[in-house]
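As stored in upload_21.txt (compact mmCIF, C-alpha atoms and all ligand atoms):
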# COMPACT_ATOMS: atom_id res chain seq x y z
CA MET Y 1 -218.97 2.76 -82.44
CA ASN Y 2 -217.40 -0.64 -82.02
CA ALA Y 3 -215.50 -1.78 -78.95
CA ARG Y 4 -212.11 -1.48 -80.56
CA SER Y 5 -212.56 2.09 -81.68
CA ALA Y 6 -213.97 3.01 -78.29
CA GLU Y 7 -210.98 1.49 -76.56
CA SER Y 8 -208.48 3.12 -78.84
CA ARG Y 9 -209.59 6.57 -77.90
CA GLY Y 10 -208.95 8.76 -74.94
CA ARG Y 11 -211.16 10.16 -72.25
CA GLN Y 12 -212.07 13.48 -70.68
CA ALA Y 13 -214.66 15.96 -71.84
CA PRO Y 14 -217.82 15.17 -69.88
CA THR Y 15 -220.90 14.89 -72.05
CA THR Y 16 -224.34 16.19 -71.24
CA GLU Y 17 -225.23 12.66 -70.18
CA GLY Y 18 -222.62 12.76 -67.48
CA GLU Y 19 -220.35 10.21 -69.14
CA VAL Y 20 -216.86 10.79 -70.37
CA ARG Y 21 -216.50 11.36 -74.08
CA PRO Y 22 -213.58 9.67 -75.83
CA ALA Y 23 -211.09 12.33 -76.68
CA THR Y 24 -207.71 11.65 -78.13
CA TRP Y 25 -207.10 11.84 -81.84
CA GLU Y 26 -210.45 13.42 -82.60
CA MET Y 27 -209.93 16.07 -79.96
CA VAL Y 28 -206.39 16.71 -81.09
CA SER Y 29 -207.48 17.17 -84.68
CA GLU Y 30 -210.44 19.27 -83.60
CA LEU Y 31 -208.15 21.50 -81.58
CA ARG Y 32 -205.60 21.72 -84.37
CA GLY Y 33 -208.25 22.49 -86.95
CA ALA Y 34 -210.31 24.80 -84.76
CA ARG Y 35 -211.44 27.91 -86.54
CA ILE Y 36 -210.93 30.92 -84.36
CA PRO Y 37 -213.34 33.75 -85.19
CA PRO Y 38 -211.61 36.74 -86.79
CA VAL Y 39 -210.96 39.67 -84.47
CA PHE Y 40 -212.21 42.89 -85.94
CA PRO Y 41 -209.61 45.64 -86.19
CA SER Y 42 -212.07 48.05 -84.59
CA ILE Y 43 -212.17 45.98 -81.43
CA CYS Y 44 -208.40 46.04 -81.18
CA ALA Y 45 -208.30 49.75 -81.77
CA ALA Y 46 -210.96 50.38 -79.12
CA SER Y 47 -208.84 48.86 -76.39
CA PRO Y 48 -206.72 51.58 -74.76
CA ARG Y 49 -204.19 49.06 -73.48
CA GLY Y 50 -204.28 46.80 -76.48
CA LEU Y 51 -205.13 43.14 -76.33
CA ARG Y 52 -203.18 40.94 -73.98
CA SER Y 53 -202.60 37.25 -74.21
CA LEU Y 54 -203.21 35.52 -70.94
CA PRO Y 55 -200.67 32.98 -69.72
CA THR Y 56 -203.30 30.25 -69.95
CA MET Y 57 -203.66 30.90 -73.66
CA THR Y 58 -200.12 29.77 -74.34
CA THR Y 59 -200.09 26.76 -72.00
CA PRO Y 60 -199.73 23.55 -74.03
CA ILE Y 61 -202.81 21.37 -73.95
CA SER Y 62 -202.18 18.16 -72.05
CA LEU Y 63 -204.38 15.14 -72.66
CA LEU Y 64 -204.54 12.18 -70.39
CA CYS Y 65 -204.10 8.79 -71.99
CA ASP Y 66 -207.14 6.58 -71.49
CA GLY Y 67 -204.93 3.51 -71.26
CA CYS Y 68 -202.82 4.61 -68.32
CA GLY Y 69 -203.94 8.01 -67.03
CA GLN Y 70 -200.59 9.66 -67.68
CA SER Y 71 -200.20 12.96 -69.51
CA ALA Y 72 -199.61 11.89 -73.05
CA SER Y 73 -197.60 13.25 -75.93
CA PRO Y 74 -198.48 12.37 -79.54
CA ALA Y 75 -195.71 9.76 -79.40
CA HIS Y 76 -197.31 8.22 -76.30
CA PHE Y 77 -200.68 7.99 -78.03
CA ALA Y 78 -199.10 6.54 -81.14
CA ARG Y 79 -197.40 3.83 -79.13
CA ARG Y 80 -200.60 3.07 -77.26
CA LEU Y 81 -202.55 2.68 -80.48
CA GLN Y 82 -199.81 0.49 -81.92
CA ARG Y 83 -199.93 -1.89 -78.96
CA LEU Y 84 -203.74 -1.96 -79.08
CA GLU Y 85 -203.54 -2.94 -82.72
CA TRP Y 86 -201.03 -5.72 -82.02
CA THR Y 87 -203.19 -7.04 -79.18
CA THR Y 88 -206.40 -6.95 -81.18
CA ARG Y 89 -204.92 -9.30 -83.81
CA TYR Y 90 -204.80 -12.09 -81.24
CA ARG Y 91 -207.80 -11.29 -79.11
CA PRO Y 92 -209.95 -14.42 -78.75
CA VAL Y 93 -213.58 -14.02 -79.77
CA HIS Y 94 -214.60 -15.57 -76.47
CA ILE Y 95 -212.06 -14.87 -73.74
CA GLN Y 96 -211.65 -17.81 -71.40
CA THR Y 97 -208.99 -16.25 -69.20
CA LEU Y 98 -207.97 -12.64 -68.89
CA LEU Y 99 -204.44 -12.41 -67.52
CA LEU Y 100 -204.34 -9.08 -65.74
CA GLY Y 101 -201.05 -7.50 -64.69
CA GLY Y 102 -200.30 -4.12 -63.16
CA ILE Y 103 -198.16 -2.16 -65.61
CA ALA Y 104 -197.35 -2.90 -69.24
CA PRO Y 105 -193.65 -3.61 -69.77
CA GLU Y 106 -191.42 -0.83 -71.01
CA GLY Y 107 -189.74 -2.56 -73.92
CA ASP Y 108 -191.71 -3.85 -76.88
CA ALA Y 109 -189.69 -7.07 -76.76
CA ALA Y 110 -191.26 -7.82 -73.37
CA PHE Y 111 -194.73 -6.98 -74.66
CA LEU Y 112 -196.29 -10.32 -75.58
CA TYR Y 113 -198.12 -9.21 -78.71
CA CYS Y 114 -195.24 -7.32 -80.31
CA PRO Y 115 -194.78 -8.99 -83.72
CA GLU Y 116 -191.01 -8.39 -83.90
CA GLY Y 117 -188.07 -9.96 -82.09
CA ASN Y 118 -187.95 -12.67 -79.47
CA PHE Y 119 -190.09 -12.95 -76.38
CA GLN Y 120 -188.28 -11.31 -73.50
CA GLY Y 121 -189.03 -10.13 -69.96
CA GLU Y 122 -192.67 -10.50 -68.98
CA ALA Y 123 -193.66 -12.17 -72.25
CA ALA Y 124 -191.03 -14.89 -71.80
CA LYS Y 125 -191.93 -15.45 -68.13
CA LEU Y 126 -195.61 -15.69 -68.94
CA LEU Y 127 -195.11 -18.23 -71.72
CA ASP Y 128 -192.73 -20.27 -69.58
CA ALA Y 129 -195.17 -20.24 -66.68
CA LEU Y 130 -197.93 -21.46 -69.00
CA ARG Y 131 -195.57 -23.94 -70.64
CA ILE Y 132 -196.19 -22.55 -74.09
CA SER Y 133 -193.25 -22.91 -76.48
CA ARG Y 134 -191.47 -19.67 -77.41
CA GLU Y 135 -190.56 -20.89 -80.90
CA GLY Y 136 -192.16 -19.01 -83.77
CA LYS Y 137 -193.80 -15.72 -82.96
CA SER Y 138 -197.08 -16.05 -84.84
CA ALA Y 139 -197.46 -19.73 -83.92
CA VAL Y 140 -196.99 -18.90 -80.24
CA LEU Y 141 -199.45 -16.04 -80.33
CA GLY Y 142 -201.88 -18.19 -82.28
CA GLU Y 143 -201.61 -20.86 -79.58
CA PHE Y 144 -202.15 -18.25 -76.87
CA GLN Y 145 -205.27 -17.07 -78.66
CA LYS Y 146 -206.50 -20.61 -79.31
CA ARG Y 147 -206.40 -21.30 -75.60
CA GLY Y 148 -208.73 -18.34 -75.08
CA LEU Y 149 -206.10 -16.27 -73.29
CA LEU Y 150 -205.83 -12.51 -73.40
CA LEU Y 151 -203.15 -10.50 -71.64
CA THR Y 152 -203.74 -6.95 -70.50
CA HIS Y 153 -202.63 -4.58 -67.75
CA VAL Y 154 -204.34 -2.04 -65.52
CA LEU Y 155 -201.88 0.51 -66.93
CA GLU Y 156 -201.78 -0.41 -70.59
CA CYS Y 157 -198.77 1.81 -71.25
CA PRO Y 158 -195.32 1.70 -69.66
CA LEU Y 159 -194.54 4.34 -67.06
CA GLU Y 160 -193.14 7.56 -68.44
CA PRO Y 161 -189.51 8.19 -67.40
CA GLY Y 162 -189.17 9.44 -63.84
CA VAL Y 163 -192.55 8.29 -62.54
CA LYS Y 164 -192.14 7.21 -58.92
CA PRO Y 165 -193.51 3.91 -57.62
CA SER Y 166 -195.96 5.80 -55.37
CA THR Y 167 -197.29 7.71 -58.37
CA ALA Y 168 -197.56 4.48 -60.31
CA GLN Y 169 -199.71 3.02 -57.57
CA GLN Y 170 -201.94 6.12 -57.67
CA LEU Y 171 -202.29 5.72 -61.43
CA ILE Y 172 -203.34 2.11 -60.93
CA GLU Y 173 -205.93 3.17 -58.35
CA ARG Y 174 -207.26 5.81 -60.71
CA GLN Y 175 -207.57 3.40 -63.63
CA LEU Y 176 -209.41 0.71 -61.66
CA PRO Y 177 -213.01 1.83 -62.32
CA MET Y 178 -212.36 2.06 -66.05
CA VAL Y 179 -210.57 -1.28 -66.17
CA MET Y 180 -213.35 -2.99 -64.24
CA ALA Y 181 -216.00 -1.49 -66.52
CA ARG Y 182 -214.03 -2.67 -69.57
CA ILE Y 183 -213.79 -6.21 -68.18
CA ARG Y 184 -217.47 -6.30 -67.29
CA ARG Y 185 -218.90 -4.71 -70.43
CA SER Y 186 -216.43 -5.41 -73.22
CA LEU Y 187 -213.97 -8.22 -72.52
CA LYS Y 188 -216.39 -10.43 -70.55
CA PRO Y 189 -213.90 -13.21 -69.77
CA LYS Y 190 -214.91 -16.39 -68.01
CA ARG Y 191 -212.24 -15.78 -65.42
CA VAL Y 192 -209.65 -13.20 -64.46
CA VAL Y 193 -206.23 -14.25 -63.23
CA LEU Y 194 -204.23 -11.60 -61.39
CA PHE Y 195 -200.47 -11.45 -61.58
CA SER Y 196 -197.56 -9.07 -60.85
CA ALA Y 197 -196.42 -7.33 -57.69
CA GLU Y 198 -198.11 -4.04 -58.60
CA MET Y 199 -201.49 -5.75 -58.32
CA ALA Y 200 -201.01 -6.73 -54.68
CA ALA Y 201 -202.46 -3.54 -53.21
CA VAL Y 202 -205.61 -3.62 -55.34
CA ALA Y 203 -206.21 -7.35 -55.78
CA GLY Y 204 -208.99 -7.36 -53.18
CA ARG Y 205 -211.02 -4.96 -55.29
CA PHE Y 206 -211.34 -7.48 -58.12
CA THR Y 207 -214.25 -9.64 -57.09
CA GLU Y 208 -216.71 -11.81 -58.94
CA SER Y 209 -219.50 -9.39 -58.13
CA SER Y 210 -217.55 -6.38 -59.41
CA LEU Y 211 -216.45 -8.09 -62.65
CA GLY Y 212 -219.06 -10.70 -63.43
CA SER Y 213 -216.20 -13.22 -63.82
CA SER Y 214 -214.43 -15.60 -61.50
CA VAL Y 215 -211.24 -14.09 -60.08
CA PHE Y 216 -208.11 -16.05 -59.20
CA SER Y 217 -205.01 -15.09 -57.25
CA GLY Y 218 -202.26 -17.21 -55.76
CA PRO Y 219 -202.13 -18.23 -52.08
CA TYR Y 220 -200.02 -15.16 -51.31
CA GLY Y 221 -201.74 -12.68 -53.59
CA PRO Y 222 -201.35 -12.08 -57.34
CA TRP Y 223 -198.92 -14.54 -58.89
CA LEU Y 224 -195.37 -13.38 -59.42
CA LEU Y 225 -193.91 -14.78 -62.58
CA ASP Y 226 -190.27 -14.56 -61.64
CA SER Y 227 -187.94 -17.48 -61.91
CA SER Y 228 -187.64 -17.77 -58.15
CA ALA Y 229 -191.31 -18.69 -57.82
CA ARG Y 230 -191.76 -22.22 -56.55
CA GLU Y 231 -192.95 -24.74 -59.09
CA GLY Y 232 -195.99 -25.50 -56.94
CA LEU Y 233 -197.07 -21.88 -57.22
CA MET Y 234 -196.61 -21.88 -60.96
CA GLU Y 235 -198.65 -25.04 -61.17
CA GLY Y 236 -201.47 -23.17 -59.46
CA PHE Y 237 -201.10 -20.32 -61.94
CA ARG Y 238 -201.28 -22.71 -64.89
CA GLU Y 239 -204.36 -24.41 -63.51
CA ALA Y 240 -206.13 -21.13 -62.87
CA ALA Y 241 -205.30 -19.79 -66.32
CA GLN Y 242 -206.20 -22.90 -68.24
CA ARG Y 243 -208.95 -24.60 -66.30
CA GLU Y 244 -211.74 -26.06 -68.35
CA SER Y 245 -214.68 -24.39 -66.68
ZN ZN U 1 -200.94 5.66 -71.93

Turn the structure described in the file into structure tokens.
Ligand SMILES: [Zn+2]
Amino acid sequence: MNARSAESRGRQAPTTEGEVRPATWEMVSELRGARIPPVFPSICAASPRGLRSLPTMTTPISLLCDGCGQSASPAHFARRLQRLEWTTRYRPVHIQTLLLGGIAPEGDAAFLYCPEGNFQGEAAKLLDALRISREGKSAVLGEFQKRGLLLTHVLECPLEPGVKPSTAQQLIERQLPMVMARIRRSLKPKRVVLFSAEMAAVAGRFTESSLGSSVFSGPYGPWLLDSSAREGLMEGFREAAQRES
């Protein structure tokens, strides 16, 4: 199983080895295609009260998304896989800098790797902070890749409607071990640069010893890429993201 296919699947279902077995599309199709053994008429007839269906038998099955830890509908999984595919197109072979934010933006236009439309929201702020031109989608993304940059988030999916900030922070906490393992074993960047306000509470957990990569934050915690940030701070962000060694 290659890294991409492993990342594009879900989690749950402990294996006999004590690890979690990927379980999204395969599990869904397994469940949909499951063959239920036929019930013999004699068994039904032998029950004086007839057979009852328990409430649990009609409860919809809810799978957690491996990218964000939220309960996921088929549409949620489809969107997750779509964004993974977009990102993979521009993933550098050797990642120099992993730009790690807290929560993926809601709109696709603000998602850096979306191939359609203009760069908006987080994508625009990030490119401006790095002083990368926003002209020409594929040229911009090619430049981003050429510089060895990869953008990802602890929660790789946007928050579902109605999720409170406190719940979002719990989701981030819950995803941390998986994200750290992914950085250490799969992405293996030279350095990790933390940004976004949602990362403030967990920034201290990202250390060189836990990731196997150098970790950079700003003087006041993870960099905030809003337009009010002082130019000196953004200079620090640029240097951290694009340093030579
Ligand atoms: Zn998700």

For CA of Pro158 in chain Y and CA of Leu211 in chain Y, the interatomic separation in Å (one decimal)
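CA of Leu211 in chain Y lies at a distance of 24.3 Å from CA of Pro158 in chain Y.
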
Which residue gives the smallest distance to ligand ZN 1 (chain U) among Y:Tyr220, Y:Tyr90, Y:Phe77, Y:Phe111, with only C-alpha atoms and all ligand atoms counted?
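Closest to ligand ZN 1 (chain U), using only C-alpha atoms and all ligand atoms: Y:Phe77.
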
Would you mind listing the residues within 9 Å of ligand ZN 1 (chain U), counting all atoms listed in the file, as an MDAnalysis selection string?
chainID Y and resid 64:72 76:77 79:80 155:160

Got a sec: who's within 8 Å of Gln242 in chain Y, counting only C-alpha atoms, leaving out chain neighbours fewer than 2 positions off, as a PyMOL selection string?
chain Y and resi 97+147+238-240+244

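Using only C-alpha atoms for every distance, the candidate list Y:Pro177, Y:His153, Y:Thr88, Y:Lys137 yields Y:Lys137 as the residue closest to Ala109 in chain Y.
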
Please measure the separation of CA of Trp223 in chain Y and CA of Pro115 in chain Y, giving the value in Å to one decimal.
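Between CA of Trp223 in chain Y and CA of Pro115 in chain Y the gap is 25.8 Å.
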
Report, in Å with one decimal, the straight-line distance from CA of Leu99 in chain Y to CA of Phe195 in chain Y.
7.2 Å

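Contact shell of Arg131 in chain Y at 12 Å (all atoms listed in the file; same-chain neighbours under 4 positions omitted): Ala124, Lys125, Leu126, Leu127, Glu135, Val140, Glu143, Phe144, Glu231, Met234, Glu235, Phe237, Arg238, Glu239, Ala241 and Gln242 of chain Y.
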
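Closest approach to Leu98 in chain Y from the set Y:Met178, Y:Ile183, Y:Leu84, Y:Ala200 is made by Y:Ile183, with distances taken over only C-alpha atoms.
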
Place N, CA and C atoms on range 154-167 of chain Y and deliver the coordinates as an mmCIF file, in the frame of the given file.
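Saved to rebuild36.cif:
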data_model
loop_
_atom_site.group_PDB
_atom_site.id
_atom_site.type_symbol
_atom_site.label_atom_id
_atom_site.label_comp_id
_atom_site.auth_asym_id
_atom_site.auth_seq_id
_atom_site.Cartn_x
_atom_site.Cartn_y
_atom_site.Cartn_z
ATOM 1 N N VAL Y 154 -203.544 -3.180 -66.008
ATOM 2 C CA VAL Y 154 -204.340 -2.040 -65.520
ATOM 3 C C VAL Y 154 -203.803 -0.761 -66.171
ATOM 4 N N LEU Y 155 -202.492 -0.583 -66.163
ATOM 5 C CA LEU Y 155 -201.880 0.510 -66.930
ATOM 6 C C LEU Y 155 -201.406 -0.104 -68.238
ATOM 7 N N GLU Y 156 -202.086 0.229 -69.308
ATOM 8 C CA GLU Y 156 -201.780 -0.410 -70.590
ATOM 9 C C GLU Y 156 -200.553 0.174 -71.276
ATOM 10 N N CYS Y 157 -199.998 1.226 -70.694
ATOM 11 C CA CYS Y 157 -198.770 1.810 -71.250
ATOM 12 C C CYS Y 157 -197.671 1.702 -70.194
ATOM 13 N N PRO Y 158 -196.420 1.664 -70.632
ATOM 14 C CA PRO Y 158 -195.320 1.700 -69.660
ATOM 15 C C PRO Y 158 -195.324 3.046 -68.935
ATOM 16 N N LEU Y 159 -194.659 3.071 -67.786
ATOM 17 C CA LEU Y 159 -194.540 4.340 -67.060
ATOM 18 C C LEU Y 159 -193.640 5.286 -67.834
ATOM 19 N N GLU Y 160 -194.010 6.551 -67.834
ATOM 20 C CA GLU Y 160 -193.140 7.560 -68.440
ATOM 21 C C GLU Y 160 -191.879 7.670 -67.589
ATOM 22 N N PRO Y 161 -190.754 8.083 -68.174
ATOM 23 C CA PRO Y 161 -189.510 8.190 -67.400
ATOM 24 C C PRO Y 161 -189.692 9.079 -66.168
ATOM 25 N N GLY Y 162 -189.152 8.634 -65.058
ATOM 26 C CA GLY Y 162 -189.170 9.440 -63.840
ATOM 27 C C GLY Y 162 -190.393 9.276 -62.962
ATOM 28 N N VAL Y 163 -191.357 8.484 -63.381
ATOM 29 C CA VAL Y 163 -192.550 8.290 -62.540
ATOM 30 C C VAL Y 163 -192.171 7.426 -61.333
ATOM 31 N N LYS Y 164 -192.511 7.941 -60.142
ATOM 32 C CA LYS Y 164 -192.140 7.210 -58.920
ATOM 33 C C LYS Y 164 -193.094 6.048 -58.677
ATOM 34 N N PRO Y 165 -192.634 5.046 -57.925
ATOM 35 C CA PRO Y 165 -193.510 3.910 -57.620
ATOM 36 C C PRO Y 165 -194.809 4.338 -56.937
ATOM 37 N N SER Y 166 -194.736 5.359 -56.050
ATOM 38 C CA SER Y 166 -195.960 5.800 -55.370
ATOM 39 C C SER Y 166 -196.944 6.400 -56.363
ATOM 40 N N THR Y 167 -196.415 7.128 -57.337
ATOM 41 C CA THR Y 167 -197.290 7.710 -58.370
ATOM 42 C C THR Y 167 -197.875 6.598 -59.233
#
